[in-house]
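Source file: run32.tsv. Holds: TSV, C-alpha atoms and all ligand atoms.
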chain	number	residue	atom	x	y	z
A	20	MET	CA	-23.04	-13.40	-4.56
A	21	ASP	CA	-22.06	-13.51	-0.91
A	22	SER	CA	-22.17	-10.24	0.93
A	23	LEU	CA	-19.09	-9.19	2.85
A	24	GLN	CA	-20.95	-9.78	6.09
A	25	ASN	CA	-21.08	-13.49	5.31
A	26	LEU	CA	-17.34	-13.65	4.67
A	27	VAL	CA	-15.89	-11.59	7.52
A	28	HIS	CA	-16.84	-11.79	11.19
A	29	ASP	CA	-17.08	-8.11	12.08
A	30	CYS	CA	-15.99	-8.15	15.71
A	31	ASP	CA	-15.16	-5.20	17.93
A	32	GLN	CA	-13.48	-7.49	20.46
A	33	ILE	CA	-10.66	-8.62	18.15
A	34	PRO	CA	-7.52	-7.39	19.88
A	35	ARG	CA	-5.18	-6.17	17.16
A	36	ALA	CA	-4.17	-5.96	13.52
A	37	GLY	CA	-3.12	-9.30	12.14
A	38	VAL	CA	-5.99	-11.22	13.73
A	39	SER	CA	-9.19	-11.77	11.79
A	40	ILE	CA	-12.05	-14.23	11.38
A	41	LEU	CA	-12.99	-15.04	7.81
A	42	SER	CA	-15.02	-17.59	5.90
A	43	GLY	CA	-12.64	-20.46	5.23
A	44	ALA	CA	-14.80	-21.69	2.37
A	45	ALA	CA	-14.46	-18.36	0.57
A	46	TYR	CA	-10.82	-17.73	1.39
A	47	PHE	CA	-9.44	-21.17	0.59
A	48	GLU	CA	-12.15	-22.13	-1.90
A	49	ILE	CA	-12.69	-25.37	0.00
A	50	GLU	CA	-16.27	-26.48	0.23
A	51	ASN	CA	-17.58	-27.43	3.67
A	52	LEU	CA	-14.96	-25.36	5.46
A	53	GLY	CA	-16.41	-23.17	8.18
A	54	TRP	CA	-15.13	-19.99	9.81
A	55	CYS	CA	-11.40	-19.69	10.35
A	56	LEU	CA	-9.38	-17.64	12.81
A	57	PHE	CA	-6.50	-16.06	10.88
A	58	VAL	CA	-3.35	-14.95	12.65
A	59	GLU	CA	-0.99	-13.10	10.38
A	60	ARG	CA	2.60	-12.03	10.91
A	61	LEU	CA	2.81	-8.67	9.17
A	62	ALA	CA	6.04	-7.24	7.77
A	63	THR	CA	7.86	-4.49	9.64
A	64	GLU	CA	10.48	-2.11	8.27
A	65	ASP	CA	13.14	-4.40	9.73
A	66	ASP	CA	11.68	-7.41	7.87
A	67	LEU	CA	11.81	-5.52	4.57
A	68	GLU	CA	15.52	-4.86	5.01
A	69	LYS	CA	16.21	-8.54	5.65
A	70	ASN	CA	13.99	-10.12	3.02
A	71	HIS	CA	13.97	-8.69	-0.49
A	72	HIS	CA	10.87	-10.71	-1.40
A	73	LEU	CA	8.78	-8.51	0.86
A	74	GLU	CA	7.38	-5.44	-0.83
A	75	GLU	CA	5.76	-3.27	1.82
A	76	ILE	CA	5.31	-2.75	5.52
A	77	GLY	CA	2.16	-4.51	6.64
A	78	GLY	CA	2.39	-7.23	4.00
A	79	THR	CA	1.73	-10.77	5.16
A	80	ILE	CA	4.78	-12.93	5.93
A	81	ARG	CA	3.08	-15.92	7.52
A	82	THR	CA	-0.52	-16.85	8.15
A	83	THR	CA	-1.98	-19.49	10.42
A	84	ALA	CA	-5.66	-20.32	9.95
A	85	ILE	CA	-7.66	-22.53	12.31
A	86	GLU	CA	-11.26	-23.59	11.78
A	87	ILE	CA	-13.48	-22.41	14.63
A	88	ARG	CA	-17.17	-22.55	15.57
A	89	TYR	CA	-17.27	-19.70	18.05
A	90	CYS	CA	-15.50	-16.36	18.07
A	91	PRO	CA	-12.85	-16.61	20.81
A	92	TYR	CA	-13.12	-12.87	21.50
A	93	CYS	CA	-16.82	-12.06	21.73
A	94	GLY	CA	-18.06	-15.64	22.17
A	95	VAL	CA	-20.72	-15.53	19.48
A	96	GLU	CA	-21.51	-18.72	17.55
A	97	LEU	CA	-20.53	-18.30	13.91
A	98	HIS	CA	-23.05	-19.26	11.24
A	99	ASP	CA	-23.49	-19.23	7.52
A	100	ALA	CA	-19.97	-19.52	6.16
A	101	GLY	CA	-20.15	-22.34	3.68
A	102	SER	CA	-21.56	-25.61	4.92
A	103	ARG	CA	-20.97	-26.88	8.41
A	104	SER	CA	-18.35	-29.59	8.59
A	105	SER	CA	-19.20	-32.91	10.16
A	106	PRO	CA	-17.52	-33.47	13.55
A	107	ASP	CA	-14.99	-35.82	11.92
A	108	GLU	CA	-13.94	-33.19	9.41
A	109	PHE	CA	-13.96	-30.20	11.73
A	110	GLY	CA	-10.70	-28.68	12.90
A	111	TYR	CA	-8.93	-27.80	9.66
A	112	PHE	CA	-5.80	-25.75	10.16
A	113	VAL	CA	-3.00	-24.56	7.91
A	114	HIS	CA	0.22	-22.57	8.07
A	115	ILE	CA	1.01	-20.43	5.03
A	116	ASP	CA	4.51	-19.05	4.56
A	117	SER	CA	4.37	-16.07	2.20
A	118	SER	CA	7.88	-14.81	2.87
A	119	GLY	CA	9.27	-16.16	-0.43
A	120	TRP	CA	6.71	-14.65	-2.74
A	121	LEU	CA	4.34	-11.74	-2.92
A	122	SER	CA	1.19	-12.36	-0.97
A	123	ARG	CA	-1.83	-12.43	-3.26
A	124	ARG	CA	-3.98	-10.67	-0.72
A	125	ARG	CA	-2.16	-7.33	-0.69
A	201	ZN	ZN	-16.39	-11.93	17.68
Encoded form (structure tokens):
Amino acid sequence: MDSLQNLVHDCDQIPRAGVSILSGAAYFEIENLGWCLFVERLATEDDLEKNHHLEEIGGTIRTTAIEIRYCPYCGVELHDAGSRSSPDEFGYFVHIDSSGWLSRRR
């Protein structure tokens, strides 16, 4: 249905692993949600030793997602991810703690 290009902002300015810009509507399955900046805390070897729920290095421990209209790295305006929220509804954000269970994304 949607091509990958409509679900992931492919940006060569994004600084490091663990930061990405994805379609919030597709990721969260929430209609009217626009693009979201995802910041993920990824598991290190040390984390695996301390938390037996974690399965592999690089797995997601915590994710913060914030709805955005422009890419903060390259400055481009982001279009076409779900429907645009009204100004009153814009600004969704969420913190997801995956440390107690296996992340469904990996
Ligand atoms: Zn960008």
Could the residues of chain A that have an atom at most 9 Å from ligand ZN 201 (chain A) be listed as JSON lines, each with its closest atom pair and the distance in Å to one decimal, counting only C-alpha atoms and all ligand atoms and ordered by chain and ascending residue number?
{"residue": "A:His28", "atom": "CA", "partner": "A:ZN201", "partner_atom": "ZN", "distance": 6.5}
{"residue": "A:Asp29", "atom": "CA", "partner": "A:ZN201", "partner_atom": "ZN", "distance": 6.8}
{"residue": "A:Cys30", "atom": "CA", "partner": "A:ZN201", "partner_atom": "ZN", "distance": 4.3}
{"residue": "A:Asp31", "atom": "CA", "partner": "A:ZN201", "partner_atom": "ZN", "distance": 6.8}
{"residue": "A:Gln32", "atom": "CA", "partner": "A:ZN201", "partner_atom": "ZN", "distance": 6.0}
{"residue": "A:Ile33", "atom": "CA", "partner": "A:ZN201", "partner_atom": "ZN", "distance": 6.6}
{"residue": "A:Ile40", "atom": "CA", "partner": "A:ZN201", "partner_atom": "ZN", "distance": 8.0}
{"residue": "A:Tyr89", "atom": "CA", "partner": "A:ZN201", "partner_atom": "ZN", "distance": 7.8}
{"residue": "A:Cys90", "atom": "CA", "partner": "A:ZN201", "partner_atom": "ZN", "distance": 4.5}
{"residue": "A:Pro91", "atom": "CA", "partner": "A:ZN201", "partner_atom": "ZN", "distance": 6.7}
{"residue": "A:Tyr92", "atom": "CA", "partner": "A:ZN201", "partner_atom": "ZN", "distance": 5.1}
{"residue": "A:Cys93", "atom": "CA", "partner": "A:ZN201", "partner_atom": "ZN", "distance": 4.1}
{"residue": "A:Gly94", "atom": "CA", "partner": "A:ZN201", "partner_atom": "ZN", "distance": 6.1}
{"residue": "A:Val95", "atom": "CA", "partner": "A:ZN201", "partner_atom": "ZN", "distance": 5.9}
{"residue": "A:Glu96", "atom": "CA", "partner": "A:ZN201", "partner_atom": "ZN", "distance": 8.5}
{"residue": "A:Leu97", "atom": "CA", "partner": "A:ZN201", "partner_atom": "ZN", "distance": 8.5}
**Message:** At a cut-off of 9 Å, using all atoms listed in the file, what residues contact range 105-109 of chain A? Leave out same-chain residues fewer than 5 positions from it and give the result as a PyMOL selection string.
**Reply:** chain A and resi 51-53+86-87
I'd like the neighbourhood of range 74-84 of chain A as a CSV table (one decimal) with C-alpha atoms, in the coordinates of the input, where a residue qualifies if any of its atoms comes within 6 Å (using all atoms listed in the file), though same-chain residues fewer than 6 positions away should be ignored.
chain,number,residue,atom,x,y,z
A,55,CYS,CA,-11.4,-19.7,10.4
A,56,LEU,CA,-9.4,-17.6,12.8
A,57,PHE,CA,-6.5,-16.1,10.9
A,58,VAL,CA,-3.4,-15.0,12.6
A,59,GLU,CA,-1.0,-13.1,10.4
A,60,ARG,CA,2.6,-12.0,10.9
A,61,LEU,CA,2.8,-8.7,9.2
A,62,ALA,CA,6.0,-7.2,7.8
A,63,THR,CA,7.9,-4.5,9.6
A,64,GLU,CA,10.5,-2.1,8.3
A,112,PHE,CA,-5.8,-25.8,10.2
A,113,VAL,CA,-3.0,-24.6,7.9
A,114,HIS,CA,0.2,-22.6,8.1
A,115,ILE,CA,1.0,-20.4,5.0
A,116,ASP,CA,4.5,-19.0,4.6
A,117,SER,CA,4.4,-16.1,2.2
A,118,SER,CA,7.9,-14.8,2.9
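Taking CA of Trp54 in chain A as the reference point, CA of Arg88 in chain A is found at 6.6 Å.
Restricting the calculation to all atoms listed in the file, the smallest distance between Val27 in chain A and any of A:Leu73, A:His98, A:Asp65, A:Ile49 is found for A:His98.
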